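Shown here: upload27.csv, CSV, C-alpha atoms.
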```csv
chain,number,residue,atom,x,y,z
Z,1,ASP,CA,128.4,182.6,122.3
Z,2,ALA,CA,131.1,181.1,120.0
Z,3,ARG,CA,133.9,182.4,122.2
Z,4,THR,CA,136.3,179.6,121.1
Z,5,LEU,CA,135.8,180.3,117.5
Z,6,ILE,CA,136.0,184.1,117.9
Z,7,ALA,CA,139.2,183.7,119.9
Z,8,TYR,CA,140.7,181.6,117.1
Z,9,PHE,CA,140.1,184.3,114.6
Z,10,GLU,CA,141.3,187.1,116.9
Z,11,ARG,CA,144.4,185.2,117.7
Z,12,ASN,CA,145.3,184.8,114.1
Z,13,GLY,CA,145.0,188.4,112.9
Z,14,ALA,CA,141.3,189.2,112.7
Z,15,PRO,CA,140.0,192.4,114.3
Z,16,ARG,CA,138.4,192.1,117.7
Z,17,CYS,CA,134.7,191.2,117.9
Z,18,PRO,CA,132.7,194.0,119.5
Z,19,PRO,CA,130.8,192.8,122.6
Z,20,THR,CA,127.5,193.7,121.0
Z,21,ALA,CA,128.2,192.1,117.6
Z,22,ASN,CA,126.4,189.1,116.3
Z,23,PRO,CA,129.0,186.2,116.4
Z,24,ALA,CA,127.7,184.7,113.2
Z,25,GLU,CA,127.9,187.9,111.2
Z,26,TYR,CA,131.4,188.6,112.6
Z,27,ILE,CA,132.6,185.2,111.5
Z,28,LEU,CA,131.1,185.6,108.0
Z,29,ASP,CA,132.6,189.1,107.7
Z,30,VAL,CA,136.1,187.9,108.7
Z,31,ALA,CA,136.2,184.6,106.8
Z,32,GLY,CA,134.1,185.4,103.8
Z,33,LYS,CA,135.0,189.0,103.0
Z,34,PRO,CA,136.7,189.3,99.6
Z,35,GLY,CA,140.2,190.6,99.6
Z,36,ALA,CA,140.9,189.6,103.3
Z,37,ARG,CA,144.5,190.3,104.3
Z,38,VAL,CA,144.7,186.9,106.2
Z,39,ASP,CA,145.0,183.7,104.2
Z,40,TRP,CA,142.6,181.7,106.4
Z,41,PRO,CA,143.1,178.3,104.6
Z,42,ARG,CA,146.9,178.6,105.1
Z,43,VAL,CA,146.4,179.6,108.7
Z,44,TRP,CA,144.2,176.6,109.4
Z,45,ARG,CA,146.6,174.2,107.7
Z,46,GLU,CA,149.4,175.5,110.0
Z,47,SER,CA,147.4,175.8,113.2
Z,48,ASN,CA,147.6,173.7,116.3
Z,49,GLU,CA,143.8,173.3,116.2
Z,50,ARG,CA,144.1,171.4,112.9
Z,51,GLN,CA,146.7,169.1,114.4
Z,52,ALA,CA,144.5,168.5,117.4
Z,53,VAL,CA,141.5,167.6,115.1
Z,54,LEU,CA,143.7,165.2,113.1
Z,55,ALA,CA,145.0,163.6,116.3
Z,56,GLU,CA,141.4,163.1,117.6
Z,57,ILE,CA,140.4,161.5,114.3
Z,58,ALA,CA,143.4,159.1,114.5
Z,59,ARG,CA,142.5,158.2,118.1
Z,60,ILE,CA,138.9,157.4,117.1
Z,61,ASN,CA,140.0,155.2,114.2
Z,62,ALA,CA,142.5,153.4,116.4
Z,63,LEU,CA,139.7,152.7,118.9
Z,64,LYS,CA,137.5,151.4,116.1
Z,65,HIS,CA,140.3,149.2,114.9
Z,66,ARG,CA,141.0,147.7,118.3
Z,67,ALA,CA,137.3,147.0,118.9
Z,68,GLY,CA,137.0,145.2,115.6
Z,69,ALA,CA,134.6,147.6,114.1
Z,70,ASP,CA,136.4,147.3,110.7
Z,71,ARG,CA,135.1,143.7,110.6
Z,72,ALA,CA,131.5,144.7,111.2
Z,73,GLU,CA,128.6,143.6,109.1
Z,74,PRO,CA,128.4,144.8,105.5
Z,75,GLY,CA,127.0,148.3,105.1
Z,76,ALA,CA,128.1,149.5,108.6
Z,77,ASP,CA,129.9,152.4,106.9
Z,78,ARG,CA,127.3,153.3,104.4
Z,79,THR,CA,126.3,156.9,103.8
Z,80,TYR,CA,122.7,156.6,104.8
Z,81,ALA,CA,121.3,154.8,107.8
Z,82,ARG,CA,118.5,153.0,105.9
Z,83,SER,CA,118.1,151.4,102.5
Z,84,VAL,CA,117.0,153.2,99.3
Z,85,ALA,CA,113.6,151.5,99.5
Z,86,TYR,CA,113.0,152.6,103.0
Z,87,GLN,CA,114.1,156.2,102.2
Z,88,THR,CA,111.8,156.2,99.2
Z,89,ARG,CA,108.8,155.0,101.1
Z,90,LEU,CA,109.2,157.8,103.7
Z,91,VAL,CA,110.1,160.5,101.3
Z,92,PHE,CA,107.2,159.6,99.0
Z,93,ALA,CA,104.7,159.7,101.9
Z,94,ARG,CA,106.0,163.1,102.9
Z,95,MET,CA,105.8,164.3,99.3
Z,96,LEU,CA,102.2,163.2,99.1
Z,97,LEU,CA,101.5,165.1,102.3
Z,98,MET,CA,103.2,168.2,101.0
Z,99,GLN,CA,101.1,167.9,97.8
Z,100,TRP,CA,97.9,167.5,99.8
Z,101,ARG,CA,98.7,170.6,101.9
Z,102,ASN,CA,99.6,172.7,98.9
Z,103,THR,CA,96.0,173.7,98.2
Z,104,GLU,CA,96.9,176.6,95.9
Z,105,TYR,CA,98.9,174.4,93.6
Z,106,GLN,CA,96.2,171.6,93.5
Z,107,LEU,CA,93.4,174.1,93.0
Z,108,THR,CA,95.4,175.7,90.1
Z,109,ARG,CA,95.8,172.2,88.6
Z,110,ILE,CA,92.1,171.4,88.8
Z,111,ALA,CA,91.0,174.9,87.6
Z,112,LEU,CA,93.3,174.6,84.6
Z,113,GLN,CA,91.7,171.3,83.5
Z,114,VAL,CA,88.1,172.3,84.3
Z,115,ILE,CA,88.3,175.8,82.6
Z,116,CYS,CA,90.0,174.4,79.5
Z,117,ALA,CA,87.5,171.6,79.3
Z,118,VAL,CA,84.6,174.0,79.5
Z,119,VAL,CA,86.1,176.5,77.0
Z,120,VAL,CA,86.9,173.8,74.4
Z,121,GLY,CA,83.5,172.1,75.1
Z,122,LEU,CA,81.6,175.3,74.5
Z,123,ALA,CA,83.6,176.0,71.3
Z,124,TYR,CA,82.8,172.6,69.9
Z,125,LEU,CA,79.5,171.9,71.5
Z,126,ARG,CA,77.6,168.7,70.6
Z,127,LEU,CA,79.2,168.0,67.2
Z,128,GLY,CA,77.4,165.8,64.7
Z,129,ASP,CA,78.5,163.5,62.0
Z,130,GLY,CA,79.0,165.9,59.1
Z,131,LEU,CA,82.1,166.7,57.2
Z,132,ALA,CA,82.8,169.9,59.1
Z,133,ASP,CA,82.0,168.1,62.4
Z,134,MET,CA,84.8,165.6,61.8
Z,135,SER,CA,87.3,168.5,61.3
Z,136,ASN,CA,86.0,170.2,64.4
Z,137,LYS,CA,86.3,167.0,66.4
Z,138,MET,CA,89.9,166.8,65.3
Z,139,MET,CA,90.6,170.4,66.4
Z,140,ALA,CA,88.9,169.8,69.7
Z,141,LEU,CA,91.3,166.8,70.3
Z,142,PHE,CA,94.2,169.0,69.0
Z,143,PHE,CA,93.5,171.4,71.9
Z,144,VAL,CA,93.9,168.4,74.2
Z,145,ALA,CA,97.5,168.2,73.1
Z,146,VAL,CA,97.9,172.0,73.5
Z,147,LEU,CA,96.6,171.7,77.1
Z,148,GLY,CA,99.7,169.5,77.8
Z,149,ILE,CA,101.9,172.6,77.4
Z,150,LEU,CA,100.0,174.4,80.2
Z,151,ALA,CA,100.3,171.4,82.5
Z,152,THR,CA,104.1,171.3,81.7
Z,153,ASN,CA,104.4,175.0,82.7
Z,154,ASN,CA,102.4,174.5,85.8
Z,155,VAL,CA,104.6,171.8,87.3
Z,156,MET,CA,108.0,173.4,86.8
Z,157,PRO,CA,107.9,175.9,89.7
Z,158,GLN,CA,106.8,173.2,92.1
Z,159,TYR,CA,109.6,170.9,91.1
Z,160,LEU,CA,112.2,173.7,91.6
Z,161,ARG,CA,110.8,174.4,95.1
Z,162,ASP,CA,111.0,170.8,96.0
Z,163,ARG,CA,114.5,170.6,94.6
Z,164,ARG,CA,115.6,173.5,96.9
Z,165,VAL,CA,114.3,171.6,99.9
Z,166,TYR,CA,116.2,168.5,98.8
Z,167,GLY,CA,119.3,170.7,98.4
Z,168,ARG,CA,119.2,171.7,102.0
Z,169,GLU,CA,118.4,168.2,103.4
Z,170,SER,CA,120.9,166.3,101.2
Z,171,SER,CA,123.8,168.1,102.9
Z,172,THR,CA,123.0,166.2,106.1
Z,173,ASN,CA,122.6,162.8,104.3
Z,174,GLN,CA,119.0,162.4,105.4
Z,175,TYR,CA,118.1,160.6,102.2
Z,176,GLY,CA,119.6,160.0,98.8
Z,177,TRP,CA,119.0,161.3,95.3
Z,178,GLN,CA,117.2,158.1,94.3
Z,179,ALA,CA,114.5,158.6,97.0
Z,180,PHE,CA,114.0,162.2,96.1
Z,181,GLY,CA,114.0,161.6,92.3
Z,182,LEU,CA,111.4,158.8,92.4
Z,183,SER,CA,109.2,160.6,95.0
Z,184,VAL,CA,109.1,164.0,93.3
Z,185,VAL,CA,108.0,162.4,90.1
Z,186,PHE,CA,105.4,160.0,91.3
Z,187,ALA,CA,103.9,162.1,94.1
Z,188,GLU,CA,102.4,164.3,91.3
Z,189,TRP,CA,100.5,161.5,89.7
Z,190,PRO,CA,97.5,160.8,92.1
Z,191,PHE,CA,96.5,164.5,92.0
Z,192,ALA,CA,96.9,164.7,88.2
Z,193,VAL,CA,94.6,161.7,87.8
Z,194,LEU,CA,91.8,163.6,89.7
Z,195,ALA,CA,92.2,166.8,87.7
Z,196,ASN,CA,92.5,165.0,84.4
Z,197,THR,CA,89.4,162.9,85.2
Z,198,LEU,CA,87.4,166.1,85.6
Z,199,PHE,CA,88.6,167.2,82.2
Z,200,VAL,CA,87.5,164.0,80.5
Z,201,VAL,CA,84.1,164.0,82.2
Z,202,ILE,CA,83.4,167.6,81.1
Z,203,LEU,CA,84.9,167.7,77.6
Z,204,TYR,CA,83.9,164.3,76.3
Z,205,TRP,CA,80.1,164.7,76.6
Z,206,MET,CA,80.1,168.4,75.8
Z,207,VAL,CA,81.8,167.8,72.4
Z,208,GLY,CA,79.8,164.7,71.7
Z,209,LEU,CA,82.6,162.2,71.1
Z,210,ASN,CA,82.1,158.6,70.3
Z,211,PRO,CA,79.8,157.2,73.1
Z,212,ALA,CA,80.9,153.5,72.8
Z,213,SER,CA,82.3,152.3,76.1
Z,214,ASP,CA,85.5,151.0,74.7
Z,215,ARG,CA,86.1,154.3,73.0
Z,216,VAL,CA,85.4,156.3,76.1
Z,217,GLY,CA,87.7,154.0,78.1
Z,218,TYR,CA,90.6,154.4,75.6
Z,219,PHE,CA,90.2,158.2,75.6
Z,220,TYR,CA,90.3,158.3,79.4
Z,221,ILE,CA,93.4,156.1,80.0
Z,222,VAL,CA,95.3,157.8,77.1
Z,223,TYR,CA,94.5,161.3,78.5
Z,224,ILE,CA,95.6,160.2,82.0
Z,225,VAL,CA,98.9,158.8,80.5
Z,226,PHE,CA,99.4,162.0,78.5
Z,227,GLY,CA,98.9,164.0,81.7
Z,228,PHE,CA,101.8,161.9,83.2
Z,229,PHE,CA,103.9,162.7,80.1
Z,230,SER,CA,103.2,166.5,80.4
Z,231,LEU,CA,104.2,166.4,84.1
Z,232,SER,CA,107.4,164.4,83.4
Z,233,LEU,CA,108.3,166.8,80.5
Z,234,GLY,CA,108.0,169.8,82.8
Z,235,GLN,CA,110.1,168.1,85.5
Z,236,MET,CA,112.7,167.1,83.0
Z,237,ILE,CA,113.1,170.7,81.7
Z,238,ALA,CA,113.2,172.0,85.3
Z,239,SER,CA,115.7,169.4,86.3
Z,240,PHE,CA,118.5,171.1,84.3
Z,241,SER,CA,117.2,174.7,84.8
Z,242,ALA,CA,118.8,177.0,87.4
Z,243,ASN,CA,115.5,178.7,88.3
Z,244,GLU,CA,111.9,179.4,87.2
Z,245,PHE,CA,112.9,182.1,84.7
Z,246,ILE,CA,115.2,179.8,82.8
Z,247,ALA,CA,112.7,176.9,82.8
Z,248,ALA,CA,110.0,179.3,81.5
Z,249,LEU,CA,112.2,180.3,78.6
Z,250,ILE,CA,113.0,176.7,77.6
Z,251,ALA,CA,109.6,175.1,78.0
Z,252,PRO,CA,107.7,176.7,75.1
Z,253,ILE,CA,110.3,175.6,72.6
Z,254,PRO,CA,109.8,171.8,72.7
Z,255,GLY,CA,106.1,172.2,73.7
Z,256,ALA,CA,105.1,174.3,70.7
Z,257,LEU,CA,107.4,172.6,68.2
Z,258,LEU,CA,106.3,169.1,69.0
Z,259,THR,CA,102.6,170.1,68.9
Z,260,LEU,CA,102.9,171.9,65.6
Z,261,VAL,CA,104.6,168.9,63.8
Z,262,ALA,CA,102.2,166.3,65.3
Z,263,GLY,CA,100.3,166.1,61.9
Z,264,ALA,CA,97.0,167.7,62.8
Z,265,THR,CA,97.5,171.2,61.5
Z,266,THR,CA,99.7,170.0,58.6
Z,267,PRO,CA,99.1,166.4,57.6
Z,268,TYR,CA,102.1,164.1,57.2
Z,269,PRO,CA,101.9,163.9,53.4
Z,270,SER,CA,101.9,167.7,53.1
Z,271,MET,CA,104.6,168.3,55.7
Z,272,PRO,CA,108.0,169.7,54.7
Z,273,LYS,CA,110.6,166.9,54.3
Z,274,PHE,CA,112.8,168.4,57.0
Z,275,PHE,CA,110.1,167.8,59.6
Z,276,SER,CA,108.4,164.7,58.2
Z,277,SER,CA,111.7,162.8,58.0
Z,278,TRP,CA,112.5,162.9,61.7
Z,279,LEU,CA,110.9,165.4,64.0
Z,280,TYR,CA,107.4,164.2,63.2
Z,281,TRP,CA,108.3,160.7,64.5
Z,282,LEU,CA,109.9,162.2,67.6
Z,283,SER,CA,106.7,164.1,68.6
Z,284,PRO,CA,104.7,162.4,71.4
Z,285,HIS,CA,101.7,164.5,70.4
Z,286,ARG,CA,101.7,162.8,67.0
Z,287,TYR,CA,101.0,159.4,68.7
Z,288,LEU,CA,98.5,161.0,71.1
Z,289,LEU,CA,96.5,162.6,68.3
Z,290,GLU,CA,96.6,159.5,66.0
Z,291,GLY,CA,95.3,157.4,68.9
Z,292,LEU,CA,92.5,159.8,70.0
Z,293,ILE,CA,91.3,160.8,66.6
Z,294,ALA,CA,91.3,157.3,65.1
Z,295,ASN,CA,89.7,156.0,68.3
Z,296,ASP,CA,86.8,158.4,68.0
Z,297,LEU,CA,86.2,158.2,64.2
Z,298,HIS,CA,86.8,154.5,63.6
Z,299,GLY,CA,83.6,153.0,62.1
Z,300,ALA,CA,81.6,156.3,62.5
Z,301,ARG,CA,79.3,156.9,59.5
Z,302,VAL,CA,79.7,160.3,57.8
Z,303,HIS,CA,76.6,162.1,56.7
Z,304,CYS,CA,77.5,165.3,54.7
Z,305,ASN,CA,75.2,168.3,55.2
Z,306,PRO,CA,73.7,169.6,52.0
Z,307,ASP,CA,76.2,172.5,51.7
Z,308,GLU,CA,79.1,170.0,52.1
Z,309,LEU,CA,78.2,167.9,49.1
Z,310,TYR,CA,80.0,168.2,45.8
Z,311,THR,CA,77.7,168.4,42.7
Z,312,PHE,CA,78.4,167.0,39.3
Z,313,GLU,CA,76.2,166.2,36.2
Z,314,PRO,CA,76.0,162.7,34.7
Z,315,PRO,CA,75.7,162.2,30.9
Z,316,ALA,CA,72.3,162.5,29.3
Z,317,ASN,CA,69.9,159.6,29.8
Z,318,SER,CA,72.0,158.1,32.6
Z,319,THR,CA,71.7,158.0,36.4
Z,320,CYS,CA,74.4,158.9,38.9
Z,321,ARG,CA,74.7,155.1,39.6
Z,322,ASP,CA,75.3,154.4,35.9
Z,323,TYR,CA,77.9,157.1,35.6
Z,324,ALA,CA,79.8,156.9,38.9
Z,325,GLY,CA,78.5,153.8,40.7
Z,326,ASP,CA,81.5,151.6,39.9
Z,327,TRP,CA,84.0,154.4,40.6
Z,328,VAL,CA,82.6,155.2,44.1
Z,329,LYS,CA,82.8,151.5,45.1
Z,330,SER,CA,86.5,151.6,44.7
Z,331,ALA,CA,87.0,155.2,45.9
Z,332,ILE,CA,86.3,156.8,49.3
Z,333,GLY,CA,83.1,158.7,50.0
Z,334,TYR,CA,79.6,158.1,48.7
Z,335,ILE,CA,77.0,159.5,46.3
Z,336,ASP,CA,73.9,160.7,48.1
Z,337,ASN,CA,71.5,160.3,45.2
Z,338,LEU,CA,72.5,157.4,43.1
Z,339,ASP,CA,69.2,157.2,41.2
Z,340,ALA,CA,69.1,160.8,40.2
Z,341,THR,CA,69.6,161.8,36.5
Z,342,SER,CA,71.1,165.2,37.3
Z,343,ALA,CA,73.0,167.1,40.0
Z,344,CYS,CA,74.7,164.1,41.5
Z,345,LYS,CA,75.6,164.8,45.2
Z,346,TYR,CA,79.0,163.4,46.3
Z,347,CYS,CA,80.3,163.3,49.8
Z,348,PRO,CA,84.1,162.9,50.1
Z,349,TYR,CA,83.9,160.5,53.0
Z,350,SER,CA,81.5,157.7,54.0
Z,351,VAL,CA,83.2,156.6,57.2
Z,352,GLY,CA,85.5,158.3,59.6
Z,353,ASP,CA,88.4,156.0,58.9
Z,354,GLU,CA,88.6,157.5,55.4
Z,355,PHE,CA,89.1,160.9,56.9
Z,356,VAL,CA,91.7,159.6,59.3
Z,357,SER,CA,93.6,157.9,56.5
Z,358,THR,CA,94.3,161.3,54.8
Z,359,PHE,CA,96.6,162.0,57.7
Z,360,SER,CA,98.4,158.7,57.2
Z,361,TRP,CA,96.9,157.5,60.5
Z,362,SER,CA,95.2,154.3,61.4
Z,363,TYR,CA,92.9,152.9,64.1
Z,364,ALA,CA,95.2,149.8,64.2
Z,365,ASN,CA,98.0,151.8,65.7
Z,366,ARG,CA,96.2,153.1,68.7
Z,367,TRP,CA,97.6,150.6,71.3
Z,368,ARG,CA,101.0,150.9,69.8
Z,369,ASN,CA,100.8,154.6,70.2
Z,370,PHE,CA,99.7,154.1,73.8
Z,371,GLY,CA,102.9,152.1,74.5
Z,372,ILE,CA,105.1,154.7,72.8
Z,373,LEU,CA,103.7,157.4,75.1
Z,374,PHE,CA,104.9,155.3,78.0
Z,375,ALA,CA,108.4,155.1,76.4
Z,376,PHE,CA,108.5,158.9,76.3
Z,377,ILE,CA,107.5,159.0,80.0
Z,378,ALA,CA,110.2,156.6,80.9
Z,379,PHE,CA,112.8,158.6,79.1
Z,380,ASN,CA,111.7,161.8,80.9
Z,381,ILE,CA,111.7,160.2,84.3
Z,382,ILE,CA,115.1,158.6,83.8
Z,383,PHE,CA,116.5,161.9,82.6
Z,384,THR,CA,115.0,163.8,85.6
Z,385,ILE,CA,116.3,161.4,88.2
Z,386,ALA,CA,119.8,161.5,86.5
Z,387,MET,CA,119.8,165.3,86.7
Z,388,VAL,CA,118.8,165.1,90.4
Z,389,ARG,CA,122.1,163.1,90.8
Z,390,ILE,CA,124.2,165.4,88.7
Z,391,TYR,CA,122.8,168.9,89.3
Z,392,LYS,CA,124.1,170.6,92.4
Z,393,VAL,CA,121.5,172.9,93.9
Z,394,ASN,CA,123.7,174.7,96.5
Z,395,LYS,CA,126.6,175.8,94.3
Z,396,ARG,CA,129.4,177.8,96.0
```

Is it possible to give me this structure as structure tokens?
Amino acid sequence: DARTLIAYFERNGAPRCPPTANPAEYILDVAGKPGARVDWPRVWRESNERQAVLAEIARINALKHRAGADRAEPGADRTYARSVAYQTRLVFARMLLMQWRNTEYQLTRIALQVICAVVVGLAYLRLGDGLADMSNKMMALFFVAVLGILATNNVMPQYLRDRRVYGRESSTNQYGWQAFGLSVVFAEWPFAVLANTLFVVILYWMVGLNPASDRVGYFYIVYIVFGFFSLSLGQMIASFSANEFIAALIAPIPGALLTLVAGATTPYPSMPKFFSSWLYWLSPHRYLLEGLIANDLHGARVHCNPDELYTFEPPANSTCRDYAGDWVKSAIGYIDNLDATSACKYCPYSVGDEFVSTFSWSYANRWRNFGILFAFIAFNIIFTIAMVRIYKVNKR
């Protein structure tokens, strides 16, 4: 019933505690009430109780010294009972279990990927190899990058909930910031792989992207890695945010800005100098889109539909081959009717690489871009773990 503590306060000037009062509420009212007439820190410093506590500490230290405990094995006085590796293993296992039990969160993650895949797939259903089809494939892949913003927003509230749990448990030194930081990041990944796999299976075949096995494999692993990036970006933003409201205000800024300067909506050659000189190169979405679009269109033959061909007339008594054959060999595109003597039909592209090159992108950069995405992920993770160490959850 906390009689010793209540007696201490009453003896030093606090009002008597009514017999029916809650001792905890009484103590909070006495010690924490603003404008209290008793200076409790000064009272404690001058009290006999403090002297008794200090004497007890000195006695314990003396016993420890006489017993030779100060010469114990290294690490005897460490903050945590077990190593960082052991802490991380246990905390990671618990995080995985928490993720598994959080069915609402996991179903939301899966529903987000499945619904977006179906919507984009229906909007760009079974595209062919025409000029407009190439542009539509690029826009379908652009929506893949946009989907990353949704995944980023989805993970932030979960991170903040986990951080509040860590804030309570860290006060008792159950485990350190390294164990929590690593576990909260990587416990998301197995469940993200499942949801992102469903997205790829649905979207890829609905849109009709390149069916070659190496192209499918590249798309799959890049989208999985991009999913990791989206999660790490959301956790990084949440790591320095006080609450869900602040995180939700911050997240759209980098998400929208980095997507818009990725080079899909405005190609690099046409981009304002302010963006093309630095922000374009800092956008992870730029490396994602270059890799995915070049991967899909590399080596793909382009067959313009009749309404996509440009018509021009050759000189009299000459064929389209005679008039423009040598030019089209050194230029991009092809002439559909080289032997015609009128109404030459020109298609601006003959192969998908020519279309990709107009964005200053190249198929040769796809694995380089894959590695750069990992560099962005590493930065996000390091920043997040550092903020776990720096940011104090339970501020007083």

Give me the residues near Gly227 (chain Z) as a PDB file with C-alpha atoms, in the frame of the given file, where near means some atom within 12 Å (using all atoms listed in the file) and where sequence neighbours in that chain fewer than 3 positions away do not count.
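Result file selection27.pdb:
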```
ATOM      1  CA  ARG Z 109      95.800 172.200  88.600  1.00  0.00           C
ATOM      2  CA  GLN Z 113      91.700 171.300  83.500  1.00  0.00           C
ATOM      3  CA  VAL Z 144      93.900 168.400  74.200  1.00  0.00           C
ATOM      4  CA  ALA Z 145      97.500 168.200  73.100  1.00  0.00           C
ATOM      5  CA  VAL Z 146      97.900 172.000  73.500  1.00  0.00           C
ATOM      6  CA  LEU Z 147      96.600 171.700  77.100  1.00  0.00           C
ATOM      7  CA  GLY Z 148      99.700 169.500  77.800  1.00  0.00           C
ATOM      8  CA  ILE Z 149     101.900 172.600  77.400  1.00  0.00           C
ATOM      9  CA  LEU Z 150     100.000 174.400  80.200  1.00  0.00           C
ATOM     10  CA  ALA Z 151     100.300 171.400  82.500  1.00  0.00           C
ATOM     11  CA  THR Z 152     104.100 171.300  81.700  1.00  0.00           C
ATOM     12  CA  ASN Z 154     102.400 174.500  85.800  1.00  0.00           C
ATOM     13  CA  VAL Z 155     104.600 171.800  87.300  1.00  0.00           C
ATOM     14  CA  GLU Z 188     102.400 164.300  91.300  1.00  0.00           C
ATOM     15  CA  TRP Z 189     100.500 161.500  89.700  1.00  0.00           C
ATOM     16  CA  PRO Z 190      97.500 160.800  92.100  1.00  0.00           C
ATOM     17  CA  PHE Z 191      96.500 164.500  92.000  1.00  0.00           C
ATOM     18  CA  ALA Z 192      96.900 164.700  88.200  1.00  0.00           C
ATOM     19  CA  VAL Z 193      94.600 161.700  87.800  1.00  0.00           C
ATOM     20  CA  LEU Z 194      91.800 163.600  89.700  1.00  0.00           C
ATOM     21  CA  ALA Z 195      92.200 166.800  87.700  1.00  0.00           C
ATOM     22  CA  ASN Z 196      92.500 165.000  84.400  1.00  0.00           C
ATOM     23  CA  THR Z 197      89.400 162.900  85.200  1.00  0.00           C
ATOM     24  CA  PHE Z 199      88.600 167.200  82.200  1.00  0.00           C
ATOM     25  CA  VAL Z 200      87.500 164.000  80.500  1.00  0.00           C
ATOM     26  CA  TYR Z 220      90.300 158.300  79.400  1.00  0.00           C
ATOM     27  CA  ILE Z 221      93.400 156.100  80.000  1.00  0.00           C
ATOM     28  CA  VAL Z 222      95.300 157.800  77.100  1.00  0.00           C
ATOM     29  CA  TYR Z 223      94.500 161.300  78.500  1.00  0.00           C
ATOM     30  CA  ILE Z 224      95.600 160.200  82.000  1.00  0.00           C
ATOM     31  CA  SER Z 230     103.200 166.500  80.400  1.00  0.00           C
ATOM     32  CA  LEU Z 231     104.200 166.400  84.100  1.00  0.00           C
ATOM     33  CA  SER Z 232     107.400 164.400  83.400  1.00  0.00           C
ATOM     34  CA  LEU Z 233     108.300 166.800  80.500  1.00  0.00           C
ATOM     35  CA  GLY Z 234     108.000 169.800  82.800  1.00  0.00           C
ATOM     36  CA  PRO Z 284     104.700 162.400  71.400  1.00  0.00           C
ATOM     37  CA  HIS Z 285     101.700 164.500  70.400  1.00  0.00           C
ATOM     38  CA  LEU Z 288      98.500 161.000  71.100  1.00  0.00           C
ATOM     39  CA  LEU Z 373     103.700 157.400  75.100  1.00  0.00           C
ATOM     40  CA  PHE Z 374     104.900 155.300  78.000  1.00  0.00           C
ATOM     41  CA  ILE Z 377     107.500 159.000  80.000  1.00  0.00           C
TER      42      ILE Z 377
END
```

* **Distance query Ala140 (chain Z) at most 7 Å, all atoms listed in the file, self and fewer than 3 positions along chain excluded, as a ChimeraX atom specification** => /Z:120,124,136-137,143-144

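In this comparison, which uses all atoms listed in the file, the residue of Z:Ala242, Z:Arg366, Z:Ala14, Z:Tyr26 approaching Asp39 (chain Z) most closely is Z:Ala14.
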
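Considering the residues Z:Val328, Z:Leu107, Z:Leu289, Z:Val185 and counting all atoms listed in the file, Val91 (chain Z) has its shortest atom-to-atom contact with Z:Val185.
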
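Among the candidate residues Z:Ala7, Z:Val356, Z:Glu313, Z:Ile115, the one lying nearest to Ile202 (chain Z) is Z:Ile115, with distances computed using all atoms listed in the file.
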
* With all atoms listed in the file as the atoms that count, which of Z:Val388, Z:Gly352, Z:Leu198, Z:Asp336 lies nearest to Arg164 (chain Z)? -> Z:Val388

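Note that CA of Leu122 (chain Z) and CA of Met206 (chain Z) are 7.2 Å apart.
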
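Between CA of Leu292 (chain Z) and CA of Tyr218 (chain Z) the interatomic distance comes to 8.0 Å.
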
* Identify, on the basis of only C-alpha atoms, every residue whose closest approach to Leu209 (chain Z) does not exceed 10 Å; exclude the query and any residue fewer than 3 positions from it along the same chain; express the result as a list in words. => Arg126, Leu127, Gly128, Lys137, Ala140, Leu141, Leu203, Tyr204, Trp205, Met206, Ala212, Arg215, Val216, Phe219, Ile293, Asn295, Asp296 and Leu297 of chain Z

* Looking at Z:Ala55, Z:Ala386, Z:Leu279, Z:Ile237, which one is nearest to Leu257 (chain Z), with distances taken over all atoms listed in the file? -> Z:Leu279

* Gap from CA of Ile27 (chain Z) to CA of Leu54 (chain Z) - Å, one decimal -> 22.9 Å

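All residues of protein, DNA or RNA that reach within 9 Å of Ala24 (chain Z), judged by all atoms listed in the file and not counting those fewer than 4 positions away in the chain, are Ala2, Leu28 and Asp29 of chain Z.
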
Selected residues, C-alpha atoms, written as a short mmCIF file (atom, residue, chain, number, x, y, z; two decimals), in the frame of the given file, please.
```cif
data_model
loop_
_atom_site.label_atom_id
_atom_site.label_comp_id
_atom_site.auth_asym_id
_atom_site.auth_seq_id
_atom_site.Cartn_x
_atom_site.Cartn_y
_atom_site.Cartn_z
CA ALA Z 2 131.10 181.10 120.00
CA LEU Z 28 131.10 185.60 108.00
CA ASP Z 29 132.60 189.10 107.70
#
```

* To do: List the neighbours of Ala81 (chain Z) out to 9 Å using all atoms listed in the file; skip same-chain residues closer than 6 positions along the sequence, and give me the result as JSON, numbers by chain.
  => {"Z": [173, 174, 175]}

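Distances to Arg161 (chain Z) were evaluated for Z:Val84, Z:Cys116, Z:Ala375, Z:Met98 using only C-alpha atoms, and the minimum falls at Z:Met98.
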
Reconstruct region 319-323 of chain Z at the level of N, CA and C atoms, and format the result as a CSV table (one decimal), in the coordinates of the input.
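Printed below is part_6.csv as written:
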```
chain,number,residue,atom,x,y,z
Z,319,THR,N,71.8,157.7,35.0
Z,319,THR,CA,71.7,158.0,36.4
Z,319,THR,C,73.1,158.2,37.0
Z,320,CYS,N,73.1,158.7,38.2
Z,320,CYS,CA,74.4,158.9,38.9
Z,320,CYS,C,75.0,157.5,39.2
Z,321,ARG,N,74.2,156.5,39.4
Z,321,ARG,CA,74.7,155.1,39.6
Z,321,ARG,C,75.4,154.6,38.3
Z,322,ASP,N,74.7,154.8,37.2
Z,322,ASP,CA,75.3,154.4,35.9
Z,322,ASP,C,76.6,155.0,35.6
Z,323,TYR,N,76.7,156.3,35.9
Z,323,TYR,CA,77.9,157.1,35.6
Z,323,TYR,C,79.0,156.9,36.6
```
